[in-house]
Each structure stands twice: as structure tokens, then as C-alpha cells.
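Here is structure27.cif, consisting of mmCIF, N, CA and C atoms:
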data_final
loop_
_atom_site.label_atom_id
_atom_site.label_comp_id
_atom_site.auth_asym_id
_atom_site.auth_seq_id
_atom_site.Cartn_x
_atom_site.Cartn_y
_atom_site.Cartn_z
N GLN A 4 30.41 76.72 318.55
CA GLN A 4 29.63 75.50 318.53
C GLN A 4 29.90 74.76 317.23
N VAL A 5 30.23 73.49 317.35
CA VAL A 5 30.54 72.67 316.19
C VAL A 5 29.24 72.12 315.58
N GLN A 6 29.14 72.26 314.30
CA GLN A 6 28.00 71.69 313.58
C GLN A 6 28.50 70.82 312.45
N VAL A 7 27.88 69.66 312.34
CA VAL A 7 28.19 68.71 311.27
C VAL A 7 26.87 68.36 310.59
N VAL A 8 26.80 68.63 309.30
CA VAL A 8 25.54 68.45 308.58
C VAL A 8 25.78 67.67 307.30
N GLU A 9 25.12 66.52 307.19
CA GLU A 9 25.23 65.70 305.99
C GLU A 9 24.11 66.02 305.01
N SER A 10 24.38 65.73 303.75
CA SER A 10 23.36 65.84 302.71
C SER A 10 23.74 64.93 301.56
N GLY A 11 22.78 64.71 300.66
CA GLY A 11 23.07 63.96 299.45
C GLY A 11 22.56 62.54 299.41
N GLY A 12 21.94 62.07 300.47
CA GLY A 12 21.40 60.71 300.45
C GLY A 12 20.19 60.63 299.55
N GLY A 13 19.71 59.40 299.35
CA GLY A 13 18.54 59.21 298.52
C GLY A 13 18.38 57.77 298.10
N LEU A 14 17.52 57.59 297.12
CA LEU A 14 17.23 56.26 296.58
C LEU A 14 17.93 56.11 295.23
N VAL A 15 18.63 55.01 295.05
CA VAL A 15 19.35 54.76 293.80
C VAL A 15 19.27 53.28 293.47
N GLN A 16 19.33 52.96 292.21
CA GLN A 16 19.31 51.57 291.80
C GLN A 16 20.70 50.96 291.95
N ALA A 17 20.73 49.65 292.10
CA ALA A 17 22.00 48.95 292.20
C ALA A 17 22.86 49.28 290.98
N GLY A 18 24.14 49.50 291.25
CA GLY A 18 25.07 49.90 290.21
C GLY A 18 25.19 51.40 290.02
N GLY A 19 24.32 52.13 290.68
CA GLY A 19 24.32 53.59 290.55
C GLY A 19 25.30 54.26 291.49
N SER A 20 25.26 55.59 291.49
CA SER A 20 26.20 56.39 292.28
C SER A 20 25.45 57.46 293.07
N LEU A 21 26.07 57.85 294.16
CA LEU A 21 25.62 58.97 294.96
C LEU A 21 26.84 59.69 295.52
N ARG A 22 26.70 60.99 295.74
CA ARG A 22 27.75 61.73 296.42
C ARG A 22 27.16 62.37 297.67
N LEU A 23 27.71 62.00 298.80
CA LEU A 23 27.32 62.60 300.06
C LEU A 23 28.23 63.78 300.38
N SER A 24 27.65 64.78 301.00
CA SER A 24 28.42 65.95 301.44
C SER A 24 28.28 66.10 302.94
N CYS A 25 29.32 66.65 303.54
CA CYS A 25 29.31 66.88 304.98
C CYS A 25 29.95 68.23 305.26
N ALA A 26 29.16 69.17 305.72
CA ALA A 26 29.66 70.50 306.06
C ALA A 26 29.94 70.55 307.55
N ALA A 27 31.17 70.90 307.89
CA ALA A 27 31.58 70.96 309.30
C ALA A 27 32.01 72.37 309.63
N SER A 28 31.34 72.99 310.55
CA SER A 28 31.67 74.36 310.93
C SER A 28 31.97 74.43 312.43
N GLY A 29 32.84 75.38 312.78
CA GLY A 29 33.14 75.62 314.19
C GLY A 29 34.07 74.63 314.85
N ARG A 30 34.63 73.71 314.07
CA ARG A 30 35.49 72.71 314.71
C ARG A 30 36.84 73.32 315.07
N PRO A 31 37.46 72.88 316.15
CA PRO A 31 38.80 73.37 316.52
C PRO A 31 39.85 72.86 315.54
N CYS A 32 40.95 73.55 315.45
CA CYS A 32 42.03 73.15 314.54
C CYS A 32 42.59 71.79 314.89
N SER A 33 42.49 71.41 316.16
CA SER A 33 43.02 70.12 316.58
C SER A 33 42.15 68.96 316.09
N SER A 34 40.98 69.28 315.61
CA SER A 34 40.07 68.24 315.12
C SER A 34 40.41 67.98 313.67
N ASP A 35 41.33 67.04 313.43
CA ASP A 35 41.86 66.83 312.09
C ASP A 35 41.13 65.74 311.31
N ALA A 36 40.40 64.92 312.01
CA ALA A 36 39.78 63.76 311.37
C ALA A 36 38.33 64.04 311.00
N MET A 37 37.98 63.62 309.79
CA MET A 37 36.58 63.59 309.38
C MET A 37 36.29 62.17 308.91
N GLY A 38 35.26 61.60 309.47
CA GLY A 38 34.95 60.21 309.15
C GLY A 38 33.53 60.05 308.68
N TRP A 39 33.35 59.02 307.86
CA TRP A 39 32.02 58.58 307.47
C TRP A 39 31.79 57.19 308.07
N PHE A 40 30.63 57.04 308.68
CA PHE A 40 30.20 55.76 309.21
C PHE A 40 28.82 55.46 308.64
N ARG A 41 28.43 54.21 308.73
CA ARG A 41 27.09 53.86 308.28
C ARG A 41 26.48 52.85 309.25
N GLN A 42 25.16 52.88 309.29
CA GLN A 42 24.45 51.96 310.18
C GLN A 42 23.21 51.44 309.47
N ALA A 43 23.19 50.16 309.24
CA ALA A 43 22.04 49.50 308.64
C ALA A 43 21.09 49.04 309.75
N PRO A 44 19.83 48.84 309.44
CA PRO A 44 18.87 48.39 310.46
C PRO A 44 19.32 47.11 311.14
N GLY A 45 19.32 47.13 312.46
CA GLY A 45 19.68 45.95 313.23
C GLY A 45 21.17 45.68 313.32
N LYS A 46 21.97 46.59 312.79
CA LYS A 46 23.43 46.40 312.82
C LYS A 46 24.10 47.54 313.54
N GLU A 47 25.33 47.30 313.94
CA GLU A 47 26.10 48.33 314.60
C GLU A 47 26.63 49.35 313.59
N ARG A 48 26.92 50.51 314.09
CA ARG A 48 27.52 51.53 313.24
C ARG A 48 28.91 51.07 312.84
N GLU A 49 29.25 51.19 311.55
CA GLU A 49 30.54 50.71 311.09
C GLU A 49 31.29 51.81 310.33
N PHE A 50 32.58 51.77 310.49
CA PHE A 50 33.46 52.71 309.81
C PHE A 50 33.40 52.50 308.31
N THR A 51 33.41 53.61 307.57
CA THR A 51 33.39 53.54 306.12
C THR A 51 34.63 54.18 305.51
N ALA A 52 34.91 55.41 305.91
CA ALA A 52 36.07 56.12 305.36
C ALA A 52 36.42 57.30 306.28
N ALA A 53 37.66 57.75 306.19
CA ALA A 53 38.09 58.91 306.96
C ALA A 53 39.14 59.68 306.17
N ILE A 54 39.28 60.96 306.49
CA ILE A 54 40.24 61.80 305.81
C ILE A 54 40.80 62.81 306.78
N SER A 55 42.04 63.20 306.57
CA SER A 55 42.70 64.22 307.37
C SER A 55 42.52 65.58 306.70
N TRP A 56 42.05 66.56 307.48
CA TRP A 56 41.91 67.91 306.94
C TRP A 56 43.28 68.46 306.52
N SER A 57 44.30 68.24 307.34
CA SER A 57 45.59 68.88 307.13
C SER A 57 46.42 68.19 306.05
N ARG A 58 46.42 66.87 306.01
CA ARG A 58 47.30 66.14 305.08
C ARG A 58 46.55 65.54 303.89
N GLY A 59 45.25 65.38 304.04
CA GLY A 59 44.49 64.74 302.97
C GLY A 59 44.64 63.23 302.95
N SER A 60 45.26 62.67 303.96
CA SER A 60 45.39 61.21 304.04
C SER A 60 44.01 60.59 304.13
N THR A 61 43.85 59.47 303.46
CA THR A 61 42.55 58.80 303.44
C THR A 61 42.64 57.37 303.93
N TYR A 62 41.56 56.90 304.50
CA TYR A 62 41.49 55.54 305.04
C TYR A 62 40.11 54.99 304.70
N TYR A 63 40.08 53.71 304.37
CA TYR A 63 38.83 53.10 303.94
C TYR A 63 38.61 51.75 304.62
N ALA A 64 37.33 51.43 304.79
CA ALA A 64 36.98 50.09 305.23
C ALA A 64 37.20 49.12 304.08
N ASP A 65 37.47 47.89 304.41
CA ASP A 65 37.73 46.89 303.38
C ASP A 65 36.55 46.72 302.43
N PHE A 66 35.33 46.85 302.94
CA PHE A 66 34.18 46.58 302.09
C PHE A 66 34.01 47.64 301.00
N VAL A 67 34.70 48.77 301.14
CA VAL A 67 34.61 49.81 300.11
C VAL A 67 35.16 49.29 298.78
N LYS A 68 36.26 48.55 298.85
CA LYS A 68 36.83 47.87 297.68
C LYS A 68 37.00 48.78 296.47
N GLY A 69 37.44 49.98 296.69
CA GLY A 69 37.69 50.90 295.59
C GLY A 69 36.44 51.55 295.02
N ARG A 70 35.28 51.30 295.59
CA ARG A 70 34.05 51.88 295.05
C ARG A 70 33.79 53.30 295.56
N PHE A 71 34.25 53.58 296.78
CA PHE A 71 33.98 54.87 297.41
C PHE A 71 35.26 55.71 297.44
N THR A 72 35.09 57.02 297.36
CA THR A 72 36.20 57.94 297.46
C THR A 72 35.84 59.07 298.40
N ILE A 73 36.67 59.30 299.39
CA ILE A 73 36.47 60.42 300.32
C ILE A 73 37.40 61.55 299.90
N SER A 74 36.90 62.77 299.97
CA SER A 74 37.71 63.94 299.61
C SER A 74 37.27 65.10 300.48
N ARG A 75 38.07 66.18 300.43
CA ARG A 75 37.68 67.34 301.22
C ARG A 75 37.98 68.62 300.48
N ASP A 76 37.24 69.65 300.81
CA ASP A 76 37.45 71.00 300.30
C ASP A 76 37.63 71.88 301.52
N ASN A 77 38.89 72.18 301.83
CA ASN A 77 39.17 72.92 303.06
C ASN A 77 38.55 74.32 303.04
N ALA A 78 38.51 74.94 301.88
CA ALA A 78 37.95 76.29 301.79
C ALA A 78 36.46 76.31 302.14
N LYS A 79 35.79 75.20 301.86
CA LYS A 79 34.36 75.12 302.13
C LYS A 79 34.06 74.35 303.42
N ASN A 80 35.11 73.86 304.08
CA ASN A 80 34.91 73.05 305.29
C ASN A 80 33.94 71.90 305.02
N THR A 81 34.13 71.28 303.89
CA THR A 81 33.21 70.23 303.45
C THR A 81 33.98 68.98 303.04
N VAL A 82 33.44 67.87 303.45
CA VAL A 82 33.99 66.55 303.08
C VAL A 82 32.94 65.84 302.23
N TYR A 83 33.43 65.08 301.26
CA TYR A 83 32.54 64.37 300.35
C TYR A 83 32.81 62.87 300.41
N LEU A 84 31.77 62.12 300.11
CA LEU A 84 31.93 60.68 299.94
C LEU A 84 31.25 60.30 298.62
N GLN A 85 32.08 60.06 297.61
CA GLN A 85 31.58 59.63 296.32
C GLN A 85 31.42 58.12 296.36
N MET A 86 30.21 57.66 296.11
CA MET A 86 29.93 56.22 296.19
C MET A 86 29.49 55.72 294.81
N ASN A 87 30.26 54.80 294.26
CA ASN A 87 29.96 54.22 292.96
C ASN A 87 29.67 52.72 293.10
N SER A 88 29.10 52.17 292.07
CA SER A 88 28.79 50.72 292.05
C SER A 88 28.05 50.30 293.31
N LEU A 89 27.04 51.06 293.67
CA LEU A 89 26.30 50.79 294.89
C LEU A 89 25.53 49.48 294.78
N ALA A 90 25.42 48.80 295.92
CA ALA A 90 24.71 47.53 296.00
C ALA A 90 23.67 47.61 297.11
N PRO A 91 22.67 46.75 297.08
CA PRO A 91 21.65 46.79 298.14
C PRO A 91 22.22 46.72 299.55
N GLU A 92 23.33 46.02 299.72
CA GLU A 92 23.93 45.93 301.06
C GLU A 92 24.56 47.23 301.53
N ASP A 93 24.63 48.22 300.66
CA ASP A 93 25.11 49.54 301.06
C ASP A 93 24.00 50.38 301.66
N THR A 94 22.79 49.89 301.65
CA THR A 94 21.67 50.61 302.24
C THR A 94 21.89 50.81 303.73
N ALA A 95 21.84 52.06 304.16
CA ALA A 95 22.10 52.38 305.55
C ALA A 95 21.89 53.89 305.75
N VAL A 96 21.92 54.28 307.00
CA VAL A 96 22.03 55.70 307.32
C VAL A 96 23.52 56.01 307.40
N TYR A 97 23.94 57.01 306.67
CA TYR A 97 25.35 57.39 306.63
C TYR A 97 25.54 58.63 307.51
N TYR A 98 26.51 58.52 308.41
CA TYR A 98 26.81 59.58 309.34
C TYR A 98 28.20 60.16 309.08
N CYS A 99 28.30 61.45 309.23
CA CYS A 99 29.60 62.13 309.16
C CYS A 99 29.96 62.57 310.57
N ALA A 100 31.26 62.56 310.88
CA ALA A 100 31.69 62.91 312.22
C ALA A 100 33.04 63.61 312.17
N ALA A 101 33.26 64.47 313.15
CA ALA A 101 34.53 65.19 313.28
C ALA A 101 35.21 64.76 314.58
N GLY A 102 36.52 64.57 314.49
CA GLY A 102 37.25 64.16 315.67
C GLY A 102 38.71 64.53 315.57
N GLY A 103 39.52 64.03 316.52
CA GLY A 103 40.92 64.38 316.54
C GLY A 103 41.80 63.24 316.99
N GLY A 104 43.04 63.60 317.30
CA GLY A 104 44.01 62.60 317.70
C GLY A 104 44.73 62.03 316.50
N PRO A 105 45.83 61.34 316.73
CA PRO A 105 46.59 60.77 315.61
C PRO A 105 45.83 59.63 314.95
N PRO A 106 46.01 59.46 313.66
CA PRO A 106 45.28 58.39 312.97
C PRO A 106 45.75 57.00 313.35
N GLY A 107 47.05 56.88 313.73
CA GLY A 107 47.59 55.56 314.02
C GLY A 107 47.95 54.84 312.74
N PRO A 108 48.58 53.69 312.86
CA PRO A 108 48.98 52.92 311.68
C PRO A 108 47.78 52.58 310.80
N TYR A 109 47.85 52.91 309.53
CA TYR A 109 46.79 52.61 308.56
C TYR A 109 45.45 53.20 309.00
N GLY A 110 45.49 54.28 309.78
CA GLY A 110 44.27 54.92 310.23
C GLY A 110 43.49 54.12 311.25
N ARG A 111 44.20 53.26 311.96
CA ARG A 111 43.53 52.37 312.90
C ARG A 111 42.68 53.13 313.91
N ASN A 112 43.23 54.21 314.45
CA ASN A 112 42.51 54.95 315.49
C ASN A 112 41.24 55.60 314.95
N TRP A 113 41.30 56.06 313.74
CA TRP A 113 40.18 56.81 313.18
C TRP A 113 39.06 55.90 312.72
N ARG A 114 39.21 54.61 312.85
CA ARG A 114 38.15 53.66 312.50
C ARG A 114 37.17 53.45 313.65
N ALA A 115 37.50 53.99 314.81
CA ALA A 115 36.67 53.80 316.00
C ALA A 115 35.75 54.99 316.19
N PRO A 116 34.45 54.77 316.37
CA PRO A 116 33.52 55.89 316.61
C PRO A 116 33.90 56.73 317.82
N ALA A 117 34.58 56.14 318.79
CA ALA A 117 34.86 56.84 320.04
C ALA A 117 35.77 58.05 319.87
N VAL A 118 36.56 58.10 318.80
CA VAL A 118 37.49 59.24 318.64
C VAL A 118 36.80 60.46 318.04
N TYR A 119 35.56 60.30 317.66
CA TYR A 119 34.84 61.41 317.04
C TYR A 119 33.95 62.09 318.07
N ASP A 120 34.06 63.40 318.15
CA ASP A 120 33.35 64.16 319.17
C ASP A 120 32.04 64.76 318.68
N TRP A 121 31.95 65.00 317.39
CA TRP A 121 30.75 65.66 316.86
C TRP A 121 30.22 64.86 315.68
N TRP A 122 28.92 64.65 315.71
CA TRP A 122 28.26 63.82 314.72
C TRP A 122 27.12 64.58 314.05
N GLY A 123 26.91 64.26 312.78
CA GLY A 123 25.75 64.79 312.09
C GLY A 123 24.52 63.94 312.38
N GLN A 124 23.41 64.34 311.81
CA GLN A 124 22.15 63.67 312.06
C GLN A 124 21.96 62.44 311.18
N GLY A 125 22.78 62.30 310.17
CA GLY A 125 22.70 61.15 309.28
C GLY A 125 21.88 61.42 308.04
N THR A 126 22.19 60.71 306.98
CA THR A 126 21.44 60.81 305.74
C THR A 126 21.18 59.40 305.22
N GLN A 127 19.96 59.14 304.82
CA GLN A 127 19.56 57.80 304.40
C GLN A 127 20.00 57.53 302.97
N VAL A 128 20.62 56.39 302.77
CA VAL A 128 20.96 55.90 301.44
C VAL A 128 20.25 54.57 301.25
N THR A 129 19.45 54.48 300.22
CA THR A 129 18.72 53.25 299.93
C THR A 129 19.06 52.81 298.51
N VAL A 130 19.52 51.58 298.40
CA VAL A 130 19.90 51.03 297.09
C VAL A 130 18.93 49.89 296.77
N SER A 131 18.20 50.05 295.68
CA SER A 131 17.22 49.03 295.29
C SER A 131 17.86 48.06 294.30
N SER A 132 17.41 46.83 294.37
CA SER A 132 17.96 45.79 293.49
C SER A 132 17.20 45.72 292.17
#
Just give me the structure as C-alpha cells.
Amino acid sequence: QVQVVESGGGLVQAGGSLRLSCAASGRPCSSDAMGWFRQAPGKEREFTAAISWSRGSTYYADFVKGRFTISRDNAKNTVYLQMNSLAPEDTAVYYCAAGGGPPGPYGRNWRAPAVYDWWGQGTQVTVSS
């Protein structure tokens, strides 16, 4: 049974930092993609970042603009999302997900929620101004 569990959310002031963690257990070897998505109230879930377990390749949404860094620790089956220079518009529930298939050019495929089979429960990030 695949389990995906996020942690590390919280309340932070604008300009601050947070590091989210995502522990993924039981996933098949073919599930190479780990993605972070976020969903703000009244908005659709949007892609934030993704990483390949096997190659370490990373992909980011444009709005990240060098502020966020995704990384992984294969020994711990854990993916991280380091978020710096946070702004109020980053306030959202952040979800981690595991999926598979080829990333496609510039990680195009891994930007779609549909390629992810297992999702965590989400962790709230609130950035105050």
C-alpha cells in the first residue's frame, strides 16, 4: 500500500522560509515522479515542482522564480520542498504526490495532476503580510 505523507507547513511572515517534507512509502519502482502541487481557496490545484527519484531531474512552475527548491533523499524515501522569500500569494494547501511515466520535454507531463496516482492529505502554508 502506497502512503504519501506531507509535513512542515505552518504560519510564516512574508519574506520567510519553510521546508516541506513528503515521505513516500510502498511506491512501485516504476513510480519515478514526485510532485508538489498547491491549492489556494477558490482556485484550482496547480503544479509547483517535481523531481525524479532515479535521475534527480527537477522541474518548476514559472511562479517559483528561483525561490523554491525540490530535493530528495532516496535512502529515506523523502522529498523536500524548500521555500524561501515567501509571499502572501503563496498561501495554500500544499500537496505531495507520487506518479510515473516519462517526464516529457521540460517535465511537461509531470506538471499535470492526472499522472500522479497517490496523493498526500496536504499541509497548510499561510504567509502573513
To one decimal in Å, tell me the separation between CA of Ala36 in chain A and atom C of Leu89 in chain A.
26.1 Å
Got a sec: who's within 10 Å of range 50-66 of chain A, counting only C-alpha atoms, leaving out chain neighbours fewer than 4 positions off, as a ChimeraX atom specification?
/A:32-42,70-77,80-84,93,97-103,105-106,109-111,113-116
For Glu92 in chain A, which residue among A:Val130, A:Val15, A:Ala26, A:Val7 is the nearest when counting only N, CA and C atoms?
A:Val130
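Using all atoms listed in the file, the nearest neighbour of Gln85 in chain A within the list A:Leu23, A:Val5, A:Val128, A:Leu14 is A:Leu23.
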Based on the backbone DSSP call, show me all residues of range 82-126 of chain A assigned strand (DSSP E), as an NGL selection string.
:A and (82-86 or 95-102 or 119-122 or 126)
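Here atom C of Val8 in chain A is placed at a distance of 8.1 Å from atom C of Ala27 in chain A.
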I would like the residues chosen by the PyMOL selection byres ((chain A and resi 127) around 6) on the shown file; could you give them as a PyMOL selection string?
chain A and resi 12-13+95-97+125-126+128-129
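Using all atoms listed in the file, the shortest contact distance between Gly104 in chain A and any of A:Pro91, A:Pro44, A:Ala17, A:Val118 is found at A:Val118.
Separating atom N of Gly29 in chain A from CA of Ala43 in chain A is a distance of 28.3 Å.
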To test the calculation: enclose all listed atoms of range 110-118 of chain A in a box whose edges run along x, y and z, add 8 Å on each side, then state centre and edge lengths in Å to one decimal, as AutoDock Vina command-line options.
--center_x 39.5 --center_y 56.4 --center_z 314.9 --size_x 28.0 --size_y 24.1 --size_z 26.3
